[in-house]
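Enquirer: Structure file model_4.pdb, PDB, C-alpha atoms, pLDDT in the B column, is pasted below:
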ATOM      1  CA  GLN A   1       1.481  18.609   8.529  1.00 69.00           C
ATOM      2  CA  VAL A   2       1.147  14.964   7.625  1.00 71.00           C
ATOM      3  CA  GLN A   3      -0.439  14.258   4.261  1.00 90.00           C
ATOM      4  CA  LEU A   4      -1.045  10.904   2.657  1.00 94.00           C
ATOM      5  CA  VAL A   5      -3.034  10.773  -0.572  1.00 96.00           C
ATOM      6  CA  GLU A   6      -3.745   7.348  -2.049  1.00 97.00           C
ATOM      7  CA  SER A   7      -5.146   6.805  -5.543  1.00 98.00           C
ATOM      8  CA  GLY A   8      -5.533   4.194  -8.245  1.00 98.00           C
ATOM      9  CA  GLY A   9      -8.116   1.888  -6.751  1.00 98.00           C
ATOM     10  CA  GLY A  10     -11.168   0.614  -8.564  1.00 98.00           C
ATOM     11  CA  LEU A  11     -13.245  -2.379  -9.590  1.00 98.00           C
ATOM     12  CA  VAL A  12     -11.451  -5.173 -11.412  1.00 98.00           C
ATOM     13  CA  GLN A  13     -12.175  -8.783 -12.275  1.00 98.00           C
ATOM     14  CA  ALA A  14     -10.250 -11.601 -10.658  1.00 98.00           C
ATOM     15  CA  GLY A  15      -6.930 -12.058 -12.416  1.00 98.00           C
ATOM     16  CA  GLY A  16      -6.703  -8.390 -13.318  1.00 98.00           C
ATOM     17  CA  SER A  17      -4.224  -5.712 -12.274  1.00 98.00           C
ATOM     18  CA  LEU A  18      -4.204  -2.315 -10.611  1.00 98.00           C
ATOM     19  CA  ARG A  19      -1.457   0.140  -9.733  1.00 98.00           C
ATOM     20  CA  LEU A  20      -1.869   2.199  -6.594  1.00 98.00           C
ATOM     21  CA  SER A  21      -0.023   5.444  -5.919  1.00 98.00           C
ATOM     22  CA  CYS A  22       0.550   7.331  -2.685  1.00 97.00           C
ATOM     23  CA  ALA A  23       1.818  10.893  -2.417  1.00 95.00           C
ATOM     24  CA  ALA A  24       3.267  11.456   1.031  1.00 92.00           C
ATOM     25  CA  SER A  25       4.383  14.598   2.814  1.00 87.00           C
ATOM     26  CA  GLY A  26       8.062  14.945   3.539  1.00 81.00           C
ATOM     27  CA  SER A  27       7.651  14.361   7.251  1.00 84.00           C
ATOM     28  CA  ILE A  28       6.291  10.862   6.542  1.00 84.00           C
ATOM     29  CA  PHE A  29       8.238   9.981   3.424  1.00 83.00           C
ATOM     30  CA  SER A  30      11.555  10.858   5.061  1.00 83.00           C
ATOM     31  CA  ARG A  31      11.183   7.800   7.245  1.00 86.00           C
ATOM     32  CA  ASN A  32      13.249   4.833   6.185  1.00 89.00           C
ATOM     33  CA  VAL A  33      10.403   2.389   5.654  1.00 96.00           C
ATOM     34  CA  MET A  34       7.132   3.030   3.825  1.00 96.00           C
ATOM     35  CA  GLY A  35       4.359   0.484   3.592  1.00 97.00           C
ATOM     36  CA  TRP A  36       1.039  -0.351   2.025  1.00 98.00           C
ATOM     37  CA  TYR A  37      -1.693  -1.570   4.335  1.00 98.00           C
ATOM     38  CA  ARG A  38      -5.237  -2.793   3.729  1.00 98.00           C
ATOM     39  CA  GLN A  39      -8.410  -3.166   5.722  1.00 98.00           C
ATOM     40  CA  ALA A  40     -11.315  -5.345   4.641  1.00 96.00           C
ATOM     41  CA  PRO A  41     -14.768  -4.976   6.248  1.00 91.00           C
ATOM     42  CA  GLY A  42     -14.804  -6.554   9.690  1.00 94.00           C
ATOM     43  CA  ASN A  43     -11.032  -7.043   9.711  1.00 96.00           C
ATOM     44  CA  GLN A  44      -8.143  -5.204  11.288  1.00 96.00           C
ATOM     45  CA  ARG A  45      -5.804  -3.167   9.152  1.00 96.00           C
ATOM     46  CA  GLU A  46      -2.900  -5.312   8.005  1.00 97.00           C
ATOM     47  CA  LEU A  47       0.493  -4.626   6.467  1.00 98.00           C
ATOM     48  CA  VAL A  48       0.693  -5.827   2.873  1.00 98.00           C
ATOM     49  CA  ALA A  49       4.151  -4.718   1.777  1.00 98.00           C
ATOM     50  CA  ARG A  50       6.961  -2.410   2.825  1.00 98.00           C
ATOM     51  CA  VAL A  51       9.988  -0.840   1.176  1.00 97.00           C
ATOM     52  CA  THR A  52      13.077   0.867   2.572  1.00 96.00           C
ATOM     53  CA  ARG A  53      14.656   4.020   1.176  1.00 93.00           C
ATOM     54  CA  GLY A  54      17.284   1.792  -0.370  1.00 93.00           C
ATOM     55  CA  GLY A  55      14.719  -0.376  -2.124  1.00 93.00           C
ATOM     56  CA  TYR A  56      14.620  -3.464   0.092  1.00 97.00           C
ATOM     57  CA  THR A  57      11.124  -4.955  -0.038  1.00 98.00           C
ATOM     58  CA  ASP A  58       9.098  -7.316   2.115  1.00 97.00           C
ATOM     59  CA  TYR A  59       5.641  -8.793   1.546  1.00 98.00           C
ATOM     60  CA  ALA A  60       2.848 -10.539   3.410  1.00 98.00           C
ATOM     61  CA  ASP A  61       2.624 -14.189   2.427  1.00 98.00           C
ATOM     62  CA  SER A  62      -0.853 -13.633   0.987  1.00 97.00           C
ATOM     63  CA  VAL A  63       0.452 -11.267  -1.719  1.00 98.00           C
ATOM     64  CA  LYS A  64       3.983 -12.514  -2.283  1.00 98.00           C
ATOM     65  CA  GLY A  65       4.667 -13.058  -5.982  1.00 98.00           C
ATOM     66  CA  ARG A  66       1.614 -11.009  -7.040  1.00 98.00           C
ATOM     67  CA  PHE A  67       2.228  -7.523  -5.609  1.00 98.00           C
ATOM     68  CA  THR A  68       5.245  -5.267  -6.101  1.00 98.00           C
ATOM     69  CA  ILE A  69       5.986  -2.234  -3.940  1.00 98.00           C
ATOM     70  CA  SER A  70       8.298   0.554  -5.051  1.00 97.00           C
ATOM     71  CA  ARG A  71       9.070   4.146  -4.173  1.00 95.00           C
ATOM     72  CA  ASP A  72      10.287   7.242  -5.968  1.00 95.00           C
ATOM     73  CA  ASN A  73      12.300   9.192  -3.407  1.00 91.00           C
ATOM     74  CA  ALA A  74      12.494  12.251  -5.665  1.00 92.00           C
ATOM     75  CA  LYS A  75       8.694  12.433  -5.885  1.00 93.00           C
ATOM     76  CA  ASN A  76       7.818  11.377  -2.314  1.00 93.00           C
ATOM     77  CA  THR A  77       5.633   8.692  -3.856  1.00 95.00           C
ATOM     78  CA  VAL A  78       5.077   5.029  -3.104  1.00 97.00           C
ATOM     79  CA  TYR A  79       3.529   2.583  -5.558  1.00 98.00           C
ATOM     80  CA  LEU A  80       1.874  -0.813  -5.310  1.00 98.00           C
ATOM     81  CA  GLN A  81       1.568  -2.859  -8.487  1.00 98.00           C
ATOM     82  CA  MET A  82      -1.067  -5.534  -7.928  1.00 98.00           C
ATOM     83  CA  ASP A  83      -1.301  -8.405 -10.396  1.00 98.00           C
ATOM     84  CA  SER A  84      -3.318 -11.627 -10.431  1.00 98.00           C
ATOM     85  CA  LEU A  85      -5.854 -10.036  -8.128  1.00 98.00           C
ATOM     86  CA  LYS A  86      -8.184 -12.240  -6.120  1.00 98.00           C
ATOM     87  CA  PRO A  87     -11.573 -11.485  -4.521  1.00 97.00           C
ATOM     88  CA  GLU A  88      -9.911 -11.748  -1.105  1.00 97.00           C
ATOM     89  CA  ASP A  89      -7.754  -8.737  -2.028  1.00 98.00           C
ATOM     90  CA  THR A  90     -10.879  -6.565  -1.785  1.00 98.00           C
ATOM     91  CA  ALA A  91     -10.216  -3.878   0.819  1.00 98.00           C
ATOM     92  CA  VAL A  92      -9.423  -0.225   1.369  1.00 98.00           C
ATOM     93  CA  TYR A  93      -5.706   0.267   0.776  1.00 98.00           C
ATOM     94  CA  TYR A  94      -3.620   2.798   2.699  1.00 98.00           C
ATOM     95  CA  CYS A  95      -0.013   3.844   2.654  1.00 97.00           C
ATOM     96  CA  ASN A  96       1.988   5.053   5.616  1.00 96.00           C
ATOM     97  CA  ALA A  97       5.349   4.810   7.242  1.00 95.00           C
ATOM     98  CA  PHE A  98       6.287   1.577   8.997  1.00 95.00           C
ATOM     99  CA  PRO A  99       5.645   1.607  11.838  1.00 94.00           C
ATOM    100  CA  PRO A 100       2.870   4.143  11.307  1.00 92.00           C
ATOM    101  CA  PRO A 101       2.830   7.266  13.472  1.00 88.00           C
ATOM    102  CA  PRO A 102      -0.288   7.422  15.673  1.00 85.00           C
ATOM    103  CA  GLY A 103      -3.339   8.987  14.075  1.00 83.00           C
ATOM    104  CA  ALA A 104      -1.756   9.826  10.711  1.00 83.00           C
ATOM    105  CA  TRP A 105      -3.715   8.059   7.964  1.00 92.00           C
ATOM    106  CA  GLY A 106      -5.014   9.147   4.581  1.00 94.00           C
ATOM    107  CA  GLN A 107      -8.457   8.424   3.176  1.00 95.00           C
ATOM    108  CA  GLY A 108      -7.311   5.241   1.452  1.00 97.00           C
ATOM    109  CA  THR A 109      -8.352   3.912  -1.937  1.00 98.00           C
ATOM    110  CA  GLN A 110     -10.966   1.198  -2.439  1.00 98.00           C
ATOM    111  CA  VAL A 111      -9.999  -1.936  -4.339  1.00 98.00           C
ATOM    112  CA  THR A 112     -12.798  -4.308  -5.273  1.00 98.00           C
ATOM    113  CA  VAL A 113     -12.085  -7.592  -7.031  1.00 98.00           C
ATOM    114  CA  SER A 114     -15.050  -9.429  -8.523  1.00 97.00           C
ATOM    115  CA  SER A 115     -15.074 -13.179  -9.045  1.00 94.00           C
TER     116      SER A 115
END
Would you mind writing the file's structure down as structure tokens?
Expert:
Amino acid sequence: QVQLVESGGGLVQAGGSLRLSCAASGSIFSRNVMGWYRQAPGNQRELVARVTRGGYTDYADSVKGRFTISRDNAKNTVYLQMDSLKPEDTAVYYCNAFPPPPGAWGQGTQVTVSS
């Protein structure tokens, strides 16, 4: 059974920070690449950052230098440290494997950045 449980979202002022966490079931977390995605109202879901089991990371240009993705392979957990947040970062954030298996998404965690 696939389980993805995201947490850590909230309301923060522009320039602030949040740390998101995602607990993933073994069937998902065993995949080489895990990612954080986000979906703002009216927009498609987009990949924000991804990390391999070995720790290689890759970021969307819009968050490069502000967000840091990491994973704890012993805890089946993926993290997203978000600094210098901007109002345009407002979205529901999800984690999943990359590429994501069809139909397997968690409930996400809402991040709202006020100006």
Enquirer: If you apply the PyMOL selection byres ((chain A and resi 58) around 12) to this file, what residues do you get, as a PyMOL selection string?
Expert: chain A and resi 33-36+47-52+55-57+59-65+67-70+98
Enquirer: Taking into account all atoms listed in the file, which residue in the set A:Leu4, A:Gln110, A:Phe29, A:Gly9 is nearest to Cys95 (chain A)?
Expert: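 When distances to Cys95 (chain A) are compared using all atoms listed in the file, the smallest one comes from A:Leu4.
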Enquirer: Quick one: of A:Asn96, A:Thr90, A:Ser7, A:Asn32, who's nearest to Val113 (chain A), counting all atoms listed in the file?
Expert: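 For Val113 (chain A), the nearest of the candidates is A:Thr90.
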Enquirer: For a quick check of understanding, using all atoms listed in the file, which of A:Ser27, A:Gln44, A:Ser84, A:Gln39 has the smallest distance to Thr109 (chain A)?
Expert: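 Of A:Ser27, A:Gln44, A:Ser84, A:Gln39, the one nearest Thr109 (chain A) is A:Gln39, counting all atoms listed in the file.
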Enquirer: When the PyMOL selection byres ((chain A and resi 112) around 10) is applied to the structure above, which residues does it catch, written out as a list in words?
Expert: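 Taken on the displayed file, the PyMOL selection byres ((chain A and resi 112) around 10) yields the residues Gly9, Gly10, Leu11, Val12, Gln13, Ala14, Leu85, Lys86, Pro87, Glu88, Asp89, Thr90, Ala91, Val92, Thr109, Gln110, Val111, Val113, Ser114 and Ser115 of chain A.
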Enquirer: Taking the file above as input, evaluate the PyMOL selection byres ((chain A and resi 107) around 9) and report the hits as an MDAnalysis selection string.
Expert: chainID A and resid 4:6 92:94 105:106 108:109
Enquirer: Could you state the separation of CA of Pro100 (chain A) and CA of Ala23 (chain A) in Å, given to one decimal place?
Expert: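 Pair CA of Pro100 (chain A) / CA of Ala23 (chain A) returns 15.3 Å.
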Enquirer: Determine the nearest neighbour of Gly8 (chain A) from the options A:Ile28, A:Cys22, A:Ala104, A:Gly54, counting only C-alpha atoms.
Expert: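 Looking only at the distances to Gly8 (chain A), the closest residue turns out to be A:Cys22.
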